[in-house]
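data_12.txt (compact mmCIF, C-alpha atoms) appears below.
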# COMPACT_ATOMS: atom_id res chain seq x y z
CA MET A 208 95.03 101.40 26.93
CA PRO A 209 96.19 100.14 30.34
CA HIS A 210 94.74 102.28 33.12
CA ASN A 211 97.75 102.38 35.43
CA ALA A 212 101.52 102.79 35.28
CA LEU A 213 102.28 99.17 36.23
CA ASP A 214 100.02 97.69 33.54
CA ALA A 215 101.42 100.17 31.01
CA LEU A 216 104.94 98.99 31.88
CA ILE A 217 103.98 95.32 31.55
CA GLU A 218 102.32 96.10 28.21
CA ALA A 219 105.45 97.91 26.97
CA LEU A 220 107.78 95.09 28.10
CA ARG A 221 105.68 92.62 26.09
CA ARG A 222 106.85 94.34 22.91
CA LEU A 223 110.29 92.85 23.51
CA PRO A 224 110.80 89.71 21.40
CA GLY A 225 110.28 86.48 23.34
CA VAL A 226 108.59 88.18 26.29
CA GLY A 227 105.06 87.06 27.18
CA VAL A 228 102.75 88.43 29.84
CA LYS A 229 104.24 86.35 32.68
CA SER A 230 107.86 87.32 31.89
CA ALA A 231 106.81 90.95 31.43
CA SER A 232 105.10 90.98 34.85
CA ARG A 233 108.13 89.39 36.47
CA MET A 234 110.42 91.98 34.86
CA ALA A 235 108.18 94.87 35.93
CA TYR A 236 107.91 93.64 39.54
CA HIS A 237 111.65 93.03 39.68
CA LEU A 238 112.54 96.50 38.39
CA LEU A 239 110.07 98.31 40.66
CA GLN A 240 110.89 96.28 43.76
CA HIS A 241 114.61 95.63 43.47
CA ASP A 242 116.14 97.73 40.69
CA PRO A 243 114.55 101.16 40.07
CA ALA A 244 118.03 102.44 39.13
CA GLY A 245 118.20 99.72 36.47
CA ALA A 246 114.79 100.81 35.16
CA ARG A 247 115.97 104.41 34.81
CA GLN A 248 119.21 103.25 33.17
CA LEU A 249 117.22 101.13 30.70
CA ALA A 250 114.88 104.04 29.91
CA GLN A 251 117.84 106.33 29.19
CA ALA A 252 119.67 103.69 27.13
CA LEU A 253 116.54 103.08 25.05
CA THR A 254 115.96 106.76 24.31
CA HIS A 255 119.64 107.38 23.61
CA ALA A 256 119.95 104.37 21.29
CA VAL A 257 116.79 105.19 19.32
CA ASP A 258 117.94 108.80 18.96
CA SER A 259 121.54 108.14 17.99
CA VAL A 260 121.85 104.72 16.32
CA ARG A 261 121.46 104.60 12.55
CA HIS A 262 122.80 102.47 9.69
CA CYS A 263 126.34 102.57 8.34
CA ALA A 264 126.25 104.02 4.83
CA LEU A 265 128.59 101.28 3.61
CA CYS A 266 127.77 98.05 5.44
CA HIS A 267 124.32 98.94 6.81
CA THR A 268 125.06 97.71 10.36
CA PHE A 269 124.08 99.77 13.39
CA THR A 270 126.37 102.68 14.16
CA GLU A 271 126.28 106.16 15.66
CA HIS A 272 128.38 107.55 12.80
CA ASP A 273 127.89 107.84 9.05
CA ILE A 274 130.42 105.06 8.52
CA CYS A 275 130.91 102.37 11.19
CA THR A 276 134.29 101.79 12.82
CA THR A 277 134.78 98.47 10.98
CA CYS A 278 134.27 100.09 7.55
CA GLN A 279 136.56 102.98 8.60
CA ASP A 280 139.35 100.61 9.66
CA ALA A 281 142.18 101.19 7.15
CA ALA A 282 143.87 97.91 8.15
CA ARG A 283 141.06 95.83 6.67
CA ASP A 284 141.17 94.06 3.34
CA ARG A 285 138.73 96.09 1.21
CA SER A 286 138.63 93.50 -1.58
CA LYS A 287 136.60 91.04 0.50
CA LEU A 288 133.00 91.53 1.59
CA CYS A 289 131.30 89.10 3.97
CA VAL A 290 127.48 89.17 3.77
CA VAL A 291 125.67 88.31 7.02
CA GLU A 292 122.06 88.50 8.12
CA THR A 293 122.43 90.39 11.41
CA PRO A 294 124.94 92.31 13.55
CA ALA A 295 124.98 89.25 15.86
CA ASP A 296 126.18 87.10 12.95
CA GLN A 297 128.82 89.69 12.08
CA SER A 298 129.99 89.63 15.67
CA ALA A 299 130.25 85.81 15.55
CA VAL A 300 132.48 86.01 12.44
CA GLU A 301 134.56 88.76 14.07
CA ARG A 302 135.14 86.66 17.19
CA THR A 303 136.80 83.94 15.10
CA LEU A 304 139.67 86.42 14.49
CA SER A 305 140.16 84.75 11.11
CA TYR A 306 138.56 87.30 8.80
CA LYS A 307 140.06 90.70 8.07
CA GLY A 308 137.82 91.89 5.24
CA LEU A 309 134.73 94.09 5.35
CA TYR A 310 131.10 93.19 5.96
CA PHE A 311 127.66 93.83 4.60
CA VAL A 312 124.79 93.33 7.03
CA LEU A 313 121.47 92.54 5.34
CA MET A 314 119.47 93.24 8.53
CA GLY A 315 117.17 90.38 7.65
CA LYS A 316 116.72 87.48 5.26
CA LEU A 317 114.32 86.55 2.52
CA SER A 318 111.26 84.96 4.08
CA PRO A 319 108.38 84.62 1.59
CA LEU A 320 106.04 83.10 4.18
CA ASP A 321 106.41 86.25 6.30
CA GLY A 322 106.08 88.50 3.25
CA VAL A 323 109.76 89.50 3.30
CA GLY A 324 110.89 89.81 -0.33
CA VAL A 325 113.94 91.02 -2.22
CA HIS A 326 113.03 94.68 -1.71
CA ASP A 327 112.55 94.36 2.06
CA ILE A 328 116.15 93.45 2.85
CA GLY A 329 119.30 95.27 1.80
CA ILE A 330 119.98 93.43 -1.46
CA ASN A 331 119.77 96.51 -3.72
CA ARG A 332 121.99 98.37 -1.28
CA LEU A 333 124.47 95.46 -1.46
CA LEU A 334 124.46 95.59 -5.28
CA GLN A 335 125.25 99.32 -5.13
CA ARG A 336 127.94 98.66 -2.52
CA VAL A 337 129.90 96.29 -4.76
CA GLU A 338 129.69 98.61 -7.79
CA ASN A 339 132.77 100.70 -6.94
CA GLY A 340 135.12 97.98 -8.23
CA GLU A 341 137.00 97.68 -4.94
CA VAL A 342 135.30 94.44 -3.89
CA GLN A 343 136.73 91.34 -5.60
CA GLU A 344 135.12 88.56 -3.59
CA VAL A 345 131.80 88.34 -1.78
CA ILE A 346 131.61 85.69 0.95
CA LEU A 347 128.02 84.66 1.63
CA ALA A 348 127.69 83.96 5.36
CA THR A 349 123.92 83.94 5.73
CA ASN A 350 122.59 81.24 8.04
CA PHE A 351 122.36 77.62 6.91
CA THR A 352 118.58 77.60 7.33
CA ALA A 353 116.08 77.31 4.48
CA ASN A 354 115.59 81.10 4.36
CA GLY A 355 119.30 81.81 4.78
CA GLU A 356 120.22 79.43 1.96
CA MET A 357 117.58 80.97 -0.29
CA THR A 358 118.89 84.44 0.52
CA ALA A 359 122.44 83.33 -0.31
CA HIS A 360 121.22 81.79 -3.57
CA VAL A 361 119.36 84.92 -4.73
CA ILE A 362 122.23 87.24 -3.79
CA GLY A 363 124.81 84.90 -5.33
CA GLU A 364 122.97 84.80 -8.66
CA GLN A 365 122.83 88.59 -8.91
CA LEU A 366 126.45 89.10 -7.89
CA ARG A 367 127.76 86.44 -10.28
CA ALA A 368 125.77 88.10 -13.08
CA ARG A 369 127.87 91.21 -12.33
CA GLY A 370 131.08 89.20 -12.74
CA LEU A 371 132.04 89.06 -9.06
CA ARG A 372 133.66 86.11 -7.36
CA VAL A 373 131.07 84.69 -4.94
CA THR A 374 131.88 82.12 -2.24
CA ARG A 375 129.85 80.51 0.53
CA LEU A 376 130.95 79.42 4.02
CA ALA A 377 131.93 75.75 3.89
CA ARG A 378 129.35 73.23 5.03
CA GLY A 379 130.68 70.31 7.00
CA VAL A 380 130.91 68.50 10.30
CA PRO A 381 131.13 70.93 13.27
CA LEU A 382 134.25 70.75 15.47
CA GLY A 383 133.90 68.41 18.44
CA SER A 384 130.94 66.51 17.02
CA GLU A 385 130.56 62.74 16.65
CA LEU A 386 129.46 61.50 13.22
CA GLU A 387 126.80 59.28 14.81
CA TYR A 388 124.92 62.39 15.98
CA VAL A 389 125.47 64.64 12.96
CA ASP A 390 122.53 64.92 10.55
CA LEU A 391 122.87 63.05 7.26
CA GLY A 392 122.66 66.14 5.05
CA THR A 393 125.69 67.62 6.82
CA ILE A 394 127.69 64.38 6.41
CA ALA A 395 126.73 64.21 2.72
CA HIS A 396 127.99 67.78 2.23
CA ALA A 397 131.17 67.02 4.14
CA LEU A 398 131.79 63.96 1.94
CA HIS A 399 131.18 65.94 -1.23
CA ASP A 400 133.45 68.81 -0.15
CA ARG A 401 136.20 66.54 1.30
CA ARG A 402 139.70 67.85 1.04
CA MET B 213 131.23 101.41 30.63
CA PRO B 214 130.09 100.44 27.12
CA HIS B 215 131.51 102.85 24.58
CA ASN B 216 128.51 103.14 22.30
CA ALA B 217 124.73 103.49 22.48
CA LEU B 218 124.00 99.98 21.21
CA ASP B 219 126.27 98.27 23.74
CA ALA B 220 124.85 100.49 26.49
CA LEU B 221 121.34 99.37 25.53
CA ILE B 222 122.35 95.68 25.51
CA GLU B 223 123.99 96.17 28.91
CA ALA B 224 120.85 97.83 30.31
CA LEU B 225 118.56 95.12 28.93
CA ARG B 226 120.67 92.49 30.70
CA ARG B 227 119.49 93.89 34.03
CA LEU B 228 116.06 92.43 33.29
CA PRO B 229 115.59 89.11 35.09
CA GLY B 230 116.12 86.07 32.86
CA VAL B 231 117.81 88.06 30.07
CA GLY B 232 121.35 87.05 29.07
CA VAL B 233 123.64 88.67 26.55
CA LYS B 234 122.16 86.85 23.53
CA SER B 235 118.55 87.72 24.41
CA ALA B 236 119.55 91.30 25.21
CA SER B 237 121.26 91.66 21.80
CA ARG B 238 118.23 90.19 20.04
CA MET B 239 115.94 92.62 21.91
CA ALA B 240 118.15 95.61 21.11
CA TYR B 241 118.42 94.72 17.40
CA HIS B 242 114.68 94.11 17.20
CA LEU B 243 113.77 97.43 18.82
CA LEU B 244 116.22 99.46 16.72
CA GLN B 245 115.42 97.72 13.45
CA HIS B 246 111.71 97.02 13.68
CA ASP B 247 110.16 98.82 16.64
CA PRO B 248 111.71 102.20 17.58
CA ALA B 249 108.22 103.36 18.63
CA GLY B 250 108.07 100.41 21.03
CA ALA B 251 111.47 101.39 22.43
CA ARG B 252 110.25 104.93 23.12
CA GLN B 253 107.02 103.60 24.65
CA LEU B 254 109.04 101.28 26.91
CA ALA B 255 111.36 104.12 27.96
CA GLN B 256 108.38 106.29 28.89
CA ALA B 257 106.58 103.46 30.67
CA LEU B 258 109.71 102.68 32.70
CA THR B 259 110.25 106.28 33.79
CA HIS B 260 106.56 106.81 34.53
CA ALA B 261 106.29 103.58 36.55
CA VAL B 262 109.44 104.23 38.59
CA ASP B 263 108.25 107.79 39.30
CA SER B 264 104.66 107.01 40.21
CA VAL B 265 104.38 103.45 41.52
CA ARG B 266 104.75 102.96 45.27
CA HIS B 267 103.42 100.57 47.90
CA CYS B 268 99.86 100.50 49.25
CA ALA B 269 99.92 101.63 52.89
CA LEU B 270 97.61 98.76 53.85
CA CYS B 271 98.48 95.71 51.72
CA HIS B 272 101.92 96.76 50.45
CA THR B 273 101.19 95.88 46.81
CA PHE B 274 102.19 98.21 43.97
CA THR B 275 99.86 101.16 43.47
CA GLU B 276 99.92 104.77 42.31
CA HIS B 277 97.78 105.86 45.28
CA ASP B 278 98.25 105.80 49.05
CA ILE B 279 95.76 102.95 49.29
CA CYS B 280 95.31 100.52 46.38
CA THR B 281 91.95 100.05 44.69
CA THR B 282 91.49 96.58 46.19
CA CYS B 283 91.96 97.86 49.74
CA GLN B 284 89.65 100.81 48.97
CA ASP B 285 86.89 98.53 47.68
CA ALA B 286 84.02 98.85 50.20
CA ALA B 287 82.38 95.67 48.87
CA ARG B 288 85.21 93.46 50.16
CA ASP B 289 85.12 91.37 53.30
CA ARG B 290 87.50 93.21 55.63
CA SER B 291 87.60 90.36 58.16
CA LYS B 292 89.69 88.14 55.86
CA LEU B 293 93.29 88.80 54.87
CA CYS B 294 95.03 86.63 52.28
CA VAL B 295 98.86 86.72 52.54
CA VAL B 296 100.69 86.20 49.22
CA GLU B 297 104.32 86.53 48.15
CA THR B 298 103.94 88.72 45.06
CA PRO B 299 101.41 90.81 43.10
CA ALA B 300 101.44 88.00 40.51
CA ASP B 301 100.24 85.56 43.19
CA GLN B 302 97.57 88.02 44.28
CA SER B 303 96.43 88.30 40.69
CA ALA B 304 96.21 84.48 40.43
CA VAL B 305 93.96 84.36 43.52
CA GLU B 306 91.86 87.22 42.15
CA ARG B 307 91.32 85.46 38.84
CA THR B 308 89.68 82.50 40.63
CA LEU B 309 86.78 84.87 41.46
CA SER B 310 86.30 82.87 44.67
CA TYR B 311 87.84 85.21 47.22
CA LYS B 312 86.28 88.51 48.28
CA GLY B 313 88.49 89.45 51.24
CA LEU B 314 91.55 91.69 51.35
CA TYR B 315 95.21 90.89 50.69
CA PHE B 316 98.61 91.42 52.14
CA VAL B 317 101.52 91.19 49.69
CA LEU B 318 104.85 90.29 51.33
CA MET B 319 106.84 91.31 48.22
CA GLY B 320 109.17 88.41 48.87
CA LYS B 321 109.64 85.30 50.95
CA LEU B 322 112.05 84.13 53.62
CA SER B 323 115.12 82.73 51.92
CA PRO B 324 117.99 82.18 54.38
CA LEU B 325 120.37 80.94 51.66
CA ASP B 326 119.96 84.28 49.86
CA GLY B 327 120.25 86.22 53.11
CA VAL B 328 116.55 87.20 53.15
CA GLY B 329 115.41 87.12 56.78
CA VAL B 330 112.34 88.10 58.78
CA HIS B 331 113.18 91.79 58.63
CA ASP B 332 113.70 91.88 54.85
CA ILE B 333 110.11 91.01 53.91
CA GLY B 334 106.93 92.68 55.12
CA ILE B 335 106.27 90.52 58.19
CA ASN B 336 106.42 93.35 60.73
CA ARG B 337 104.17 95.42 58.50
CA LEU B 338 101.74 92.49 58.37
CA LEU B 339 101.73 92.23 62.16
CA GLN B 340 100.89 95.96 62.38
CA ARG B 341 98.27 95.53 59.68
CA VAL B 342 96.28 92.94 61.67
CA GLU B 343 96.42 94.92 64.92
CA ASN B 344 93.36 97.06 64.28
CA GLY B 345 91.01 94.20 65.26
CA GLU B 346 89.16 94.22 61.90
CA VAL B 347 90.91 91.11 60.57
CA GLN B 348 89.50 87.84 61.95
CA GLU B 349 91.16 85.28 59.69
CA VAL B 350 94.51 85.29 57.91
CA ILE B 351 94.76 82.93 54.94
CA LEU B 352 98.37 82.00 54.19
CA ALA B 353 98.72 81.68 50.42
CA THR B 354 102.50 81.73 50.07
CA ASN B 355 103.88 79.29 47.53
CA PHE B 356 104.17 75.58 48.29
CA THR B 357 107.94 75.64 47.90
CA ALA B 358 110.42 75.10 50.73
CA ASN B 359 110.85 78.87 51.22
CA GLY B 360 107.14 79.59 50.84
CA GLU B 361 106.23 76.91 53.41
CA MET B 362 108.83 78.26 55.83
CA THR B 363 107.48 81.79 55.35
CA ALA B 364 103.94 80.55 56.04
CA HIS B 365 105.14 78.71 59.14
CA VAL B 366 106.96 81.73 60.61
CA ILE B 367 104.07 84.11 59.89
CA GLY B 368 101.51 81.60 61.15
CA GLU B 369 103.32 81.19 64.49
CA GLN B 370 103.42 84.94 65.10
CA LEU B 371 99.79 85.52 64.12
CA ARG B 372 98.50 82.61 66.22
CA ALA B 373 100.45 84.01 69.20
CA ARG B 374 98.31 87.15 68.73
CA GLY B 375 95.13 85.05 68.91
CA LEU B 376 94.18 85.29 65.22
CA ARG B 377 92.61 82.50 63.21
CA VAL B 378 95.25 81.36 60.70
CA THR B 379 94.50 79.05 57.75
CA ARG B 380 96.59 77.74 54.86
CA LEU B 381 95.52 76.98 51.27
CA ALA B 382 94.59 73.29 51.00
CA ARG B 383 97.22 70.94 49.63
CA GLY B 384 95.96 68.20 47.36
CA VAL B 385 95.79 66.72 43.89
CA PRO B 386 95.52 69.43 41.18
CA LEU B 387 92.45 69.42 38.94
CA GLY B 388 92.89 67.42 35.73
CA SER B 389 95.87 65.43 36.99
CA GLU B 390 96.35 61.65 36.97
CA LEU B 391 97.46 60.08 40.26
CA GLU B 392 100.19 58.10 38.49
CA TYR B 393 101.98 61.34 37.67
CA VAL B 394 101.36 63.25 40.91
CA ASP B 395 104.27 63.35 43.36
CA LEU B 396 103.93 61.16 46.44
CA GLY B 397 104.08 64.01 48.95
CA THR B 398 101.02 65.58 47.33
CA ILE B 399 99.11 62.28 47.39
CA ALA B 400 100.05 61.75 51.04
CA HIS B 401 98.70 65.24 51.89
CA ALA B 402 95.55 64.60 49.85
CA LEU B 403 94.97 61.31 51.74
CA HIS B 404 95.51 62.99 55.09
CA ASP B 405 93.18 65.89 54.28
CA ARG B 406 90.51 63.73 52.56
CA ARG B 407 86.94 64.92 52.93

Just give me the structure as structure tokens.
Amino acid sequence: MPHNALDALIEALRRLPGVGVKSASRMAYHLLQHDPAGARQLAQALTHAVDSVRHCALCHTFTEHDICTTCQDAARDRSKLCVVETPADQSAVERTLSYKGLYFVLMGKLSPLDGVGVHDIGINRLLQRVENGEVQEVILATNFTANGEMTAHVIGEQLRARGLRVTRLARGVPLGSELEYVDLGTIAHALHDRR
Amino acid sequence: MPHNALDALIEALRRLPGVGVKSASRMAYHLLQHDPAGARQLAQALTHAVDSVRHCALCHTFTEHDICTTCQDAARDRSKLCVVETPADQSAVERTLSYKGLYFVLMGKLSPLDGVGVHDIGINRLLQRVENGEVQEVILATNFTANGEMTAHVIGEQLRARGLRVTRLARGVPLGSELEYVDLGTIAHALHDRR
């Protein structure tokens, strides 16, 4: 255990993802020297968030209510369910303003090398979610990484076995990119899925 | 003001230096999903540090006591005072195990472009600190940046005017480096200060 308040703070800041000992020291010095009000605000926000934030009973994203505001929104198309890995991914889809259905947030992805299997992410919860007959189409929007693709594959198999329509975000050439600099796998997919 | 606990936490995390909105979101999601205990520990450490950490009356570094443990250490050479910009710099000098004198931590540096002048950093406090006649030599160990050099120059002038011996860390070629890749200013200094 660190023997003084400053070392204890540096130690605690290191638990943040992507923060090593040098960043943690810099943060601690900055807060103590220039922003004690910010430190108190952060302490309160942390305690309040840990106390009040839980998971939406329907889509499993973070919320302070039983059902999140998105799932409560009566204007949304309840026949479509977009499956994403994280709330950040959900927010990216939302910002496109081109999707009006509901979401399901896995809060993770399959990652066998890290010991994350089917039971560690919300797949069973997703299977229960689609059982009410309301959902007609599930759009798999997990990331286009090896683990994200695997997650989409596993989920897709199980949903198709239940007779649901399962789609995946289109793969293709990103807007604004030059073919010369796009990786060959992406171009091959774009050729195959040409329209 | 953010309307929910998660947004408030992301907002508070953004006050940390070097943390933008994406990092702050990632930190918030990580703490809520995987490390609520870490979030509580961080909240406590923040409150405790802001409540209990203040400045050493002698060297101005962070401490929970009136006088920090380094300044209290009777085994240290009280005739030498090493002036550094930050506690992190002090810690770097300490880790060399080749300095047994005392320190003075400016908690900043002159930076005219940011509006940081002579009265905003601990220069007056340093001048008071050396007045007791105990200190014989002041070693300027501010950084070798434009602002650090200027800070050393200004402090050095004032201390020399009070008849103190003032030295500066040697400039030269860093250990393990190849001349081909060392900047020319450093080589020029190393030539000039050859021994």

For chain A versus chain B, which residues have an atom no more than 9 Å away, and what is each residue's nearest atom pair and distance in Å rounded to one decimal, using only C-alpha atoms, chain-then-number order, as a Markdown table?
| residue | atom | partner | partner_atom | distance |
| --- | --- | --- | --- | --- |
| A:Asn211 | CA | B:Glu276 | CA | 7.6 |
| A:Ala212 | CA | B:Ala261 | CA | 5.0 |
| A:Leu213 | CA | B:Ala261 | CA | 6.0 |
| A:Ala215 | CA | B:Ala257 | CA | 6.1 |
| A:Leu216 | CA | B:Ala257 | CA | 4.9 |
| A:Ile217 | CA | B:Ala257 | CA | 8.6 |
| A:Glu218 | CA | B:Leu254 | CA | 8.6 |
| A:Ala219 | CA | B:Leu254 | CA | 4.9 |
| A:Leu220 | CA | B:Leu254 | CA | 6.4 |
| A:Arg222 | CA | B:Gly250 | CA | 6.5 |
| A:Leu223 | CA | B:Met239 | CA | 5.9 |
| A:Pro224 | CA | B:Met239 | CA | 5.9 |
| A:Gly225 | CA | B:Ser235 | CA | 8.4 |
| A:Lys229 | CA | B:Ala300 | CA | 8.5 |
| A:Ser230 | CA | B:Gly230 | CA | 8.4 |
| A:Ser232 | CA | B:Ala300 | CA | 7.4 |
| A:Arg233 | CA | B:Pro229 | CA | 7.6 |
| A:Met234 | CA | B:Leu228 | CA | 5.9 |
| A:Ala235 | CA | B:Leu258 | CA | 8.6 |
| A:Tyr236 | CA | B:Pro299 | CA | 7.9 |
| A:His237 | CA | B:Pro229 | CA | 7.2 |
| A:Leu238 | CA | B:Leu228 | CA | 7.4 |
| A:Leu239 | CA | B:Val262 | CA | 6.3 |
| A:Gln240 | CA | B:Met319 | CA | 7.8 |
| A:Asp242 | CA | B:Arg227 | CA | 8.4 |
| A:Pro243 | CA | B:Val262 | CA | 6.1 |
| A:Ala244 | CA | B:Val262 | CA | 8.8 |
| A:Gly245 | CA | B:Arg227 | CA | 6.5 |
| A:Ala246 | CA | B:Leu258 | CA | 5.9 |
| A:Arg247 | CA | B:Thr259 | CA | 6.1 |
| A:Gln248 | CA | B:Ala224 | CA | 6.3 |
| A:Leu249 | CA | B:Ala224 | CA | 4.9 |
| A:Ala250 | CA | B:Ala255 | CA | 4.0 |
| A:Gln251 | CA | B:Ala255 | CA | 7.0 |
| A:Ala252 | CA | B:Leu221 | CA | 4.9 |
| A:Leu253 | CA | B:Ala251 | CA | 6.0 |
| A:Thr254 | CA | B:Arg252 | CA | 6.1 |
| A:His255 | CA | B:Ala217 | CA | 6.5 |
| A:Ala256 | CA | B:Ala217 | CA | 5.0 |
| A:Val257 | CA | B:Pro248 | CA | 6.1 |
| A:Ser259 | CA | B:Ala217 | CA | 7.2 |
| A:Val260 | CA | B:Ala217 | CA | 6.9 |
| A:Arg261 | CA | B:Leu244 | CA | 8.4 |
| A:Phe269 | CA | B:Leu218 | CA | 7.8 |
| A:Thr270 | CA | B:Leu218 | CA | 7.9 |
| A:Glu271 | CA | B:Ala217 | CA | 7.5 |
| A:Thr293 | CA | B:Tyr241 | CA | 8.4 |
| A:Pro294 | CA | B:Tyr241 | CA | 7.9 |
| A:Ala295 | CA | B:Ser237 | CA | 7.4 |
| A:Met314 | CA | B:Gln245 | CA | 7.8 |

Next on the checklist: Here's a test: counting all atoms listed in the file, identify every protein, DNA and RNA residue with an atom at most 9 Å from (122.4, 89.3, -2.0) in the file's coordinate frame, and state them as a PyMOL selection string.
Outcome noted: chain A and resi 290+313+325+328-331+333-334+347+358-366

Item to check | Straight-line distance linking CA of Leu293 in chain B with CA of Val385 in chain B, stated in Å to one decimal | outcome: 24.8 Å

As a PDB file with C-alpha atoms, keeping the file's coordinate frame, please: the residues near Tyr315 in chain B (cut-off 12 Å, only C-alpha atoms, same-chain neighbours under 3 positions excluded).
ATOM      1  CA  CYS B 268      99.860 100.500  49.250  1.00  0.00           C
ATOM      2  CA  ALA B 269      99.920 101.630  52.890  1.00  0.00           C
ATOM      3  CA  LEU B 270      97.610  98.760  53.850  1.00  0.00           C
ATOM      4  CA  CYS B 271      98.480  95.710  51.720  1.00  0.00           C
ATOM      5  CA  HIS B 272     101.920  96.760  50.450  1.00  0.00           C
ATOM      6  CA  THR B 273     101.190  95.880  46.810  1.00  0.00           C
ATOM      7  CA  CYS B 280      95.310 100.520  46.380  1.00  0.00           C
ATOM      8  CA  THR B 281      91.950 100.050  44.690  1.00  0.00           C
ATOM      9  CA  THR B 282      91.490  96.580  46.190  1.00  0.00           C
ATOM     10  CA  CYS B 283      91.960  97.860  49.740  1.00  0.00           C
ATOM     11  CA  GLN B 284      89.650 100.810  48.970  1.00  0.00           C
ATOM     12  CA  ASP B 285      86.890  98.530  47.680  1.00  0.00           C
ATOM     13  CA  ARG B 288      85.210  93.460  50.160  1.00  0.00           C
ATOM     14  CA  ASP B 289      85.120  91.370  53.300  1.00  0.00           C
ATOM     15  CA  ARG B 290      87.500  93.210  55.630  1.00  0.00           C
ATOM     16  CA  SER B 291      87.600  90.360  58.160  1.00  0.00           C
ATOM     17  CA  LYS B 292      89.690  88.140  55.860  1.00  0.00           C
ATOM     18  CA  LEU B 293      93.290  88.800  54.870  1.00  0.00           C
ATOM     19  CA  CYS B 294      95.030  86.630  52.280  1.00  0.00           C
ATOM     20  CA  VAL B 295      98.860  86.720  52.540  1.00  0.00           C
ATOM     21  CA  VAL B 296     100.690  86.200  49.220  1.00  0.00           C
ATOM     22  CA  GLU B 297     104.320  86.530  48.150  1.00  0.00           C
ATOM     23  CA  THR B 298     103.940  88.720  45.060  1.00  0.00           C
ATOM     24  CA  PRO B 299     101.410  90.810  43.100  1.00  0.00           C
ATOM     25  CA  ASP B 301     100.240  85.560  43.190  1.00  0.00           C
ATOM     26  CA  GLN B 302      97.570  88.020  44.280  1.00  0.00           C
ATOM     27  CA  SER B 303      96.430  88.300  40.690  1.00  0.00           C
ATOM     28  CA  VAL B 305      93.960  84.360  43.520  1.00  0.00           C
ATOM     29  CA  GLU B 306      91.860  87.220  42.150  1.00  0.00           C
ATOM     30  CA  TYR B 311      87.840  85.210  47.220  1.00  0.00           C
ATOM     31  CA  LYS B 312      86.280  88.510  48.280  1.00  0.00           C
ATOM     32  CA  LEU B 318     104.850  90.290  51.330  1.00  0.00           C
ATOM     33  CA  MET B 319     106.840  91.310  48.220  1.00  0.00           C
ATOM     34  CA  LEU B 338     101.740  92.490  58.370  1.00  0.00           C
ATOM     35  CA  ARG B 341      98.270  95.530  59.680  1.00  0.00           C
ATOM     36  CA  VAL B 342      96.280  92.940  61.670  1.00  0.00           C
ATOM     37  CA  VAL B 347      90.910  91.110  60.570  1.00  0.00           C
ATOM     38  CA  GLU B 349      91.160  85.280  59.690  1.00  0.00           C
ATOM     39  CA  VAL B 350      94.510  85.290  57.910  1.00  0.00           C
ATOM     40  CA  ILE B 351      94.760  82.930  54.940  1.00  0.00           C
ATOM     41  CA  LEU B 352      98.370  82.000  54.190  1.00  0.00           C
ATOM     42  CA  ALA B 353      98.720  81.680  50.420  1.00  0.00           C
ATOM     43  CA  THR B 354     102.500  81.730  50.070  1.00  0.00           C
TER      44      THR B 354
END

Next on the checklist: Rounded to one decimal, what separation in Å do you get between CA of Glu346 in chain B and CA of Asp405 in chain B?
Outcome noted: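 CA of Glu346 in chain B sits 29.6 Å away from CA of Asp405 in chain B.
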
Checklist entry - Near Leu320 in chain A, counting only C-alpha atoms, which residues have an atom at most 12 Å away, once you skip same-chain residues fewer than 3 positions from it, shown as a count of residues only? => result 6

Next on the checklist: One decimal, in Å: what's the spacing between CA of Gly360 in chain B and CA of Leu314 in chain B?
Outcome noted: 19.7 Å

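Look at Thr398 in chain B: the protein and nucleic acid residues within 9 Å of it, using all atoms listed in the file and passing over chain neighbours fewer than 5 places away, are B:Arg383, B:Gly384, B:Val385, B:Leu403.
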
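Distances here use all atoms listed in the file; by that measure, the residue among A:Arg369, A:Arg375, A:His399, A:His272 closest to Asn339 in chain A is A:Arg369.
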
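Shortest atom-to-atom contact with Arg377 in chain B among B:Ser389, B:Gly345, B:Ala400, B:Glu361: B:Gly345, counting all atoms listed in the file.
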